[in-house]
Amino acid sequence: MTNDELSVPKTKYMKKMQAAASPNDYVASLSGWQLKAVKKLRTAVRSAGSLEETIKWGHLVYICNGPVLLIRAEDERVLFGFWRGKHLTQIEQRLKPSGKYNMATLILHESTRLTREVAMRLAEEAIRLNKELGDPTKVPKR
């Protein structure tokens, strides 16, 4: 394994937590493989472009002309989700479409591998799409 891989090592069960007051508090509340995975994803995302980082819906959300992506740690997995994720499957085929706004999510488990390069490419393309197409939550319904 290289330093560029976003590897998710094994750990114990993670307890439910209250909503964090800030992104740093959110990360500080994590432990084990979820902490390592979230730190690596967060570093890759923050390197991808100019994003506002905030806590929404109890997890990390990144905004540029509307919501771009999320990082959410759960007991058994970490979610790396994109509001325009259905447009990103050519970069990462493991993205699973769900919900509205063309959402798609990559589900990371303790053995899932994702390179920093791919995480950054996903974030960069998601930022570009929001800049080009606008806020995905403001798209008129058909």
# chains A, B, ... in the order shown; residues from 1 in each chain; ligands from 1

$ residues_around --residues "range 71-80 of chain A" --least-positions-apart "3" --cutoff "6 Å" --atoms "only C-alpha atoms" --output "MDAnalysis selection string"
chainID A and resid 14 59:60 105:109

$ write_last_selection --atoms "N, CA and C atoms" --output "mmCIF file, in the first residue's frame"
data_model
loop_
_atom_site.group_PDB
_atom_site.id
_atom_site.type_symbol
_atom_site.label_atom_id
_atom_site.label_comp_id
_atom_site.auth_asym_id
_atom_site.auth_seq_id
_atom_site.Cartn_x
_atom_site.Cartn_y
_atom_site.Cartn_z
ATOM 1 N N MET A 14 -18.096 1.470 15.800
ATOM 2 C CA MET A 14 -18.086 2.888 16.121
ATOM 3 C C MET A 14 -19.433 3.307 16.696
ATOM 4 N N HIS A 59 -23.011 15.600 8.874
ATOM 5 C CA HIS A 59 -21.742 15.130 8.309
ATOM 6 C C HIS A 59 -21.075 16.243 7.487
ATOM 7 N N LEU A 60 -19.905 15.947 6.950
ATOM 8 C CA LEU A 60 -19.159 16.923 6.151
ATOM 9 C C LEU A 60 -19.824 17.113 4.796
ATOM 10 N N THR A 105 -23.042 7.586 -4.750
ATOM 11 C CA THR A 105 -22.191 7.460 -3.577
ATOM 12 C C THR A 105 -21.249 6.279 -3.716
ATOM 13 N N LEU A 106 -20.015 6.494 -3.290
ATOM 14 C CA LEU A 106 -19.045 5.420 -3.177
ATOM 15 C C LEU A 106 -19.054 4.978 -1.721
ATOM 16 N N ILE A 107 -19.325 3.708 -1.501
ATOM 17 C CA ILE A 107 -19.378 3.163 -0.146
ATOM 18 C C ILE A 107 -18.031 2.529 0.166
ATOM 19 N N LEU A 108 -17.391 3.050 1.202
ATOM 20 C CA LEU A 108 -16.090 2.548 1.630
ATOM 21 C C LEU A 108 -16.262 1.694 2.882
ATOM 22 N N HIS A 109 -15.695 0.498 2.838
ATOM 23 C CA HIS A 109 -15.645 -0.384 4.000
ATOM 24 C C HIS A 109 -14.185 -0.496 4.424
#

$ residues_around --residues "Ser22 in chain A" --least-positions-apart "3" --cutoff "12 Å" --atoms "only C-alpha atoms" --output "PyMOL selection string"
chain A and resi 18-19+25-29+53-56+58-61

$ select_by_dssp --residues "range 2-139 of chain A" --states "helix (DSSP H, G or I)" --output "VMD selection string"
chain A and resid 23 to 28 32 to 48 85 to 87 116 to 133 136 to 138

$ write_last_selection --atoms "N, CA and C atoms" --output "short mmCIF file (atom, residue, chain, number, x, y, z; two decimals), in the first residue's frame"
data_model
loop_
_atom_site.label_atom_id
_atom_site.label_comp_id
_atom_site.auth_asym_id
_atom_site.auth_seq_id
_atom_site.Cartn_x
_atom_site.Cartn_y
_atom_site.Cartn_z
N PRO A 23 -16.47 21.21 11.11
CA PRO A 23 -15.79 20.09 10.43
C PRO A 23 -14.66 19.48 11.26
N ASN A 24 -13.88 20.32 11.93
CA ASN A 24 -12.79 19.79 12.75
C ASN A 24 -13.33 18.95 13.91
N ASP A 25 -14.44 19.40 14.51
CA ASP A 25 -15.06 18.63 15.59
C ASP A 25 -15.59 17.29 15.06
N TYR A 26 -16.14 17.30 13.85
CA TYR A 26 -16.64 16.07 13.25
C TYR A 26 -15.51 15.06 13.12
N VAL A 27 -14.40 15.48 12.55
CA VAL A 27 -13.26 14.58 12.37
C VAL A 27 -12.72 14.13 13.72
N ALA A 28 -12.63 15.05 14.68
CA ALA A 28 -12.11 14.71 16.01
C ALA A 28 -12.99 13.70 16.73
N GLY A 32 -10.53 5.00 14.78
CA GLY A 32 -10.26 3.80 14.00
C GLY A 32 -10.15 4.06 12.51
N TRP A 33 -10.60 3.07 11.73
CA TRP A 33 -10.46 3.16 10.27
C TRP A 33 -11.29 4.28 9.69
N GLN A 34 -12.44 4.62 10.34
CA GLN A 34 -13.26 5.72 9.83
C GLN A 34 -12.50 7.04 9.93
N LEU A 35 -11.80 7.26 11.03
CA LEU A 35 -10.99 8.47 11.19
C LEU A 35 -9.93 8.56 10.09
N LYS A 36 -9.21 7.48 9.87
CA LYS A 36 -8.15 7.48 8.85
C LYS A 36 -8.73 7.72 7.46
N ALA A 37 -9.84 7.06 7.15
CA ALA A 37 -10.45 7.22 5.83
C ALA A 37 -10.96 8.64 5.63
N VAL A 38 -11.66 9.20 6.62
CA VAL A 38 -12.20 10.55 6.50
C VAL A 38 -11.08 11.58 6.38
N LYS A 39 -10.02 11.41 7.14
CA LYS A 39 -8.88 12.35 7.04
C LYS A 39 -8.28 12.33 5.63
N LYS A 40 -8.11 11.15 5.07
CA LYS A 40 -7.52 11.04 3.73
C LYS A 40 -8.46 11.60 2.67
N LEU A 41 -9.75 11.30 2.78
CA LEU A 41 -10.72 11.86 1.83
C LEU A 41 -10.76 13.39 1.95
N ARG A 42 -10.79 13.87 3.16
CA ARG A 42 -10.86 15.32 3.41
C ARG A 42 -9.64 16.03 2.81
N THR A 43 -8.47 15.47 2.99
CA THR A 43 -7.26 16.05 2.42
C THR A 43 -7.33 16.08 0.90
N ALA A 44 -7.76 14.99 0.30
CA ALA A 44 -7.87 14.92 -1.17
C ALA A 44 -8.89 15.94 -1.68
N VAL A 45 -10.04 16.01 -1.03
CA VAL A 45 -11.10 16.93 -1.46
C VAL A 45 -10.65 18.38 -1.33
N ARG A 46 -10.02 18.71 -0.23
CA ARG A 46 -9.58 20.09 -0.02
C ARG A 46 -8.48 20.49 -1.00
N SER A 47 -7.76 19.52 -1.53
CA SER A 47 -6.72 19.79 -2.53
C SER A 47 -7.29 19.94 -3.93
N ALA A 48 -8.53 19.55 -4.12
CA ALA A 48 -9.13 19.50 -5.46
C ALA A 48 -9.59 20.86 -5.97
N GLY A 85 -23.13 12.83 -8.95
CA GLY A 85 -22.35 11.60 -9.03
C GLY A 85 -22.65 10.72 -10.22
N LYS A 86 -23.88 10.76 -10.73
CA LYS A 86 -24.21 9.94 -11.91
C LYS A 86 -23.38 10.36 -13.11
N HIS A 87 -22.85 11.58 -13.08
CA HIS A 87 -22.00 12.07 -14.17
C HIS A 87 -20.52 11.71 -13.94
N ARG A 116 -5.76 8.52 -3.78
CA ARG A 116 -5.90 9.96 -3.60
C ARG A 116 -6.18 10.62 -4.94
N GLU A 117 -5.50 10.14 -5.98
CA GLU A 117 -5.68 10.70 -7.32
C GLU A 117 -7.14 10.58 -7.78
N VAL A 118 -7.76 9.42 -7.59
CA VAL A 118 -9.15 9.23 -8.00
C VAL A 118 -10.08 10.09 -7.15
N ALA A 119 -9.85 10.15 -5.86
CA ALA A 119 -10.68 11.00 -4.99
C ALA A 119 -10.60 12.46 -5.43
N MET A 120 -9.40 12.92 -5.75
CA MET A 120 -9.23 14.30 -6.22
C MET A 120 -9.90 14.52 -7.57
N ARG A 121 -9.77 13.57 -8.50
CA ARG A 121 -10.41 13.70 -9.81
C ARG A 121 -11.92 13.77 -9.68
N LEU A 122 -12.49 12.95 -8.82
CA LEU A 122 -13.93 13.00 -8.58
C LEU A 122 -14.35 14.37 -8.06
N ALA A 123 -13.63 14.88 -7.07
CA ALA A 123 -13.96 16.19 -6.50
C ALA A 123 -13.77 17.30 -7.52
N GLU A 124 -12.70 17.26 -8.28
CA GLU A 124 -12.45 18.28 -9.30
C GLU A 124 -13.56 18.31 -10.35
N GLU A 125 -13.97 17.15 -10.81
CA GLU A 125 -15.01 17.08 -11.82
C GLU A 125 -16.36 17.51 -11.24
N ALA A 126 -16.63 17.15 -10.00
CA ALA A 126 -17.87 17.57 -9.35
C ALA A 126 -17.92 19.09 -9.18
N ILE A 127 -16.80 19.69 -8.85
CA ILE A 127 -16.71 21.16 -8.74
C ILE A 127 -16.95 21.78 -10.11
N ARG A 128 -16.30 21.24 -11.14
CA ARG A 128 -16.45 21.78 -12.50
C ARG A 128 -17.92 21.71 -12.94
N LEU A 129 -18.57 20.59 -12.66
CA LEU A 129 -19.98 20.44 -13.05
C LEU A 129 -20.86 21.48 -12.35
N ASN A 130 -20.62 21.71 -11.07
CA ASN A 130 -21.42 22.73 -10.37
C ASN A 130 -21.15 24.12 -10.92
N LYS A 131 -19.91 24.40 -11.26
CA LYS A 131 -19.61 25.71 -11.84
C LYS A 131 -20.28 25.88 -13.20
N GLU A 132 -20.29 24.82 -13.98
CA GLU A 132 -20.87 24.87 -15.32
C GLU A 132 -22.40 24.81 -15.31
N LEU A 133 -22.96 23.93 -14.49
CA LEU A 133 -24.41 23.66 -14.52
C LEU A 133 -25.20 24.35 -13.41
N PRO A 136 -27.02 22.06 -7.99
CA PRO A 136 -27.83 20.90 -8.35
C PRO A 136 -29.17 20.85 -7.61
N THR A 137 -29.28 21.54 -6.49
CA THR A 137 -30.55 21.54 -5.76
C THR A 137 -31.54 22.58 -6.32
N LYS A 138 -31.10 23.39 -7.26
CA LYS A 138 -31.96 24.42 -7.85
C LYS A 138 -32.39 24.06 -9.27
#

$ select_by_dssp --residues "chain A" --states "strand (DSSP E or B)" --output "PyMOL selection string"
chain A and resi 5-7+52-56+59-63+67-73+78-82+96-97+104-108+113-115

$ write_last_selection --atoms "N, CA and C atoms" --output "short mmCIF file (atom, residue, chain, number, x, y, z; two decimals), in the first residue's frame"
data_model
loop_
_atom_site.label_atom_id
_atom_site.label_comp_id
_atom_site.auth_asym_id
_atom_site.auth_seq_id
_atom_site.Cartn_x
_atom_site.Cartn_y
_atom_site.Cartn_z
N GLU A 5 -2.78 5.83 -1.53
CA GLU A 5 -4.01 5.05 -1.43
C GLU A 5 -4.81 5.51 -0.23
N LEU A 6 -6.11 5.60 -0.41
CA LEU A 6 -7.00 5.88 0.70
C LEU A 6 -7.46 4.53 1.22
N SER A 7 -6.65 3.95 2.05
CA SER A 7 -6.92 2.62 2.57
C SER A 7 -7.74 2.73 3.85
N GLU A 52 -16.27 25.37 0.10
CA GLU A 52 -16.65 25.70 1.47
C GLU A 52 -16.92 24.38 2.17
N GLU A 53 -16.30 24.17 3.31
CA GLU A 53 -16.49 22.94 4.09
C GLU A 53 -17.40 23.27 5.27
N THR A 54 -18.45 22.48 5.45
CA THR A 54 -19.40 22.74 6.52
C THR A 54 -19.97 21.44 7.04
N ILE A 55 -20.74 21.55 8.11
CA ILE A 55 -21.50 20.41 8.63
C ILE A 55 -22.95 20.64 8.26
N LYS A 56 -23.53 19.70 7.52
CA LYS A 56 -24.95 19.71 7.18
C LYS A 56 -25.44 18.28 7.33
N HIS A 59 -23.01 15.60 8.87
CA HIS A 59 -21.74 15.13 8.31
C HIS A 59 -21.08 16.24 7.49
N LEU A 60 -19.91 15.95 6.95
CA LEU A 60 -19.16 16.92 6.15
C LEU A 60 -19.82 17.11 4.80
N VAL A 61 -20.04 18.37 4.42
CA VAL A 61 -20.58 18.72 3.12
C VAL A 61 -19.69 19.81 2.54
N TYR A 62 -19.41 19.69 1.25
CA TYR A 62 -18.55 20.63 0.54
C TYR A 62 -19.38 21.36 -0.51
N ILE A 63 -19.25 22.69 -0.53
CA ILE A 63 -20.12 23.53 -1.34
C ILE A 63 -19.30 24.41 -2.28
N PRO A 67 -24.31 22.40 -3.18
CA PRO A 67 -23.59 21.25 -2.62
C PRO A 67 -22.92 20.44 -3.72
N VAL A 68 -21.67 20.05 -3.45
CA VAL A 68 -20.86 19.29 -4.41
C VAL A 68 -20.72 17.84 -3.96
N LEU A 69 -20.30 17.65 -2.71
CA LEU A 69 -20.03 16.30 -2.23
C LEU A 69 -20.17 16.23 -0.73
N LEU A 70 -20.21 15.01 -0.23
CA LEU A 70 -20.29 14.78 1.21
C LEU A 70 -19.35 13.65 1.60
N ILE A 71 -18.98 13.69 2.87
CA ILE A 71 -18.22 12.60 3.49
C ILE A 71 -18.95 12.30 4.79
N ARG A 72 -19.41 11.05 4.94
CA ARG A 72 -20.16 10.68 6.12
C ARG A 72 -19.65 9.37 6.68
N ALA A 73 -19.18 9.41 7.92
CA ALA A 73 -18.73 8.20 8.62
C ALA A 73 -19.90 7.57 9.33
N VAL A 78 -17.95 4.30 5.37
CA VAL A 78 -17.80 5.74 5.14
C VAL A 78 -18.37 6.00 3.76
N LEU A 79 -19.23 7.00 3.65
CA LEU A 79 -19.84 7.36 2.37
C LEU A 79 -19.13 8.56 1.78
N PHE A 80 -18.82 8.48 0.50
CA PHE A 80 -18.20 9.56 -0.27
C PHE A 80 -19.20 9.83 -1.40
N GLY A 81 -20.06 10.82 -1.19
CA GLY A 81 -21.19 11.03 -2.09
C GLY A 81 -21.10 12.33 -2.87
N PHE A 82 -21.70 12.33 -4.05
CA PHE A 82 -21.65 13.46 -4.97
C PHE A 82 -23.04 13.80 -5.48
N LYS A 96 -22.56 4.37 -6.74
CA LYS A 96 -23.91 3.81 -6.78
C LYS A 96 -24.93 4.95 -6.82
N PRO A 97 -25.68 5.08 -7.92
CA PRO A 97 -26.72 6.12 -8.02
C PRO A 97 -27.80 5.91 -6.96
N ALA A 104 -24.87 10.09 -6.45
CA ALA A 104 -24.24 8.77 -6.47
C ALA A 104 -23.21 8.75 -5.35
N THR A 105 -23.04 7.59 -4.75
CA THR A 105 -22.19 7.46 -3.58
C THR A 105 -21.25 6.28 -3.72
N LEU A 106 -20.02 6.49 -3.29
CA LEU A 106 -19.04 5.42 -3.18
C LEU A 106 -19.05 4.98 -1.72
N ILE A 107 -19.33 3.71 -1.50
CA ILE A 107 -19.38 3.16 -0.15
C ILE A 107 -18.03 2.53 0.17
N LEU A 108 -17.39 3.05 1.20
CA LEU A 108 -16.09 2.55 1.63
C LEU A 108 -16.26 1.69 2.88
N ARG A 113 -10.28 0.19 -1.18
CA ARG A 113 -9.14 1.02 -1.56
C ARG A 113 -9.60 2.06 -2.57
N LEU A 114 -9.10 3.27 -2.38
CA LEU A 114 -9.38 4.37 -3.29
C LEU A 114 -8.14 5.25 -3.29
N THR A 115 -7.57 5.51 -4.46
CA THR A 115 -6.36 6.32 -4.50
C THR A 115 -6.71 7.79 -4.29
#

$ atom_distance --atom1 "CA of Gly66 in chain A" --atom2 "CA of Asn102 in chain A"
13.5 Å

$ atom_distance --atom1 "CA of Thr112 in chain A" --atom2 "CA of Leu95 in chain A"
12.8 Å

$ atom_distance --atom1 "CA of Cys64 in chain A" --atom2 "CA of Asp135 in chain A"
8.1 Å
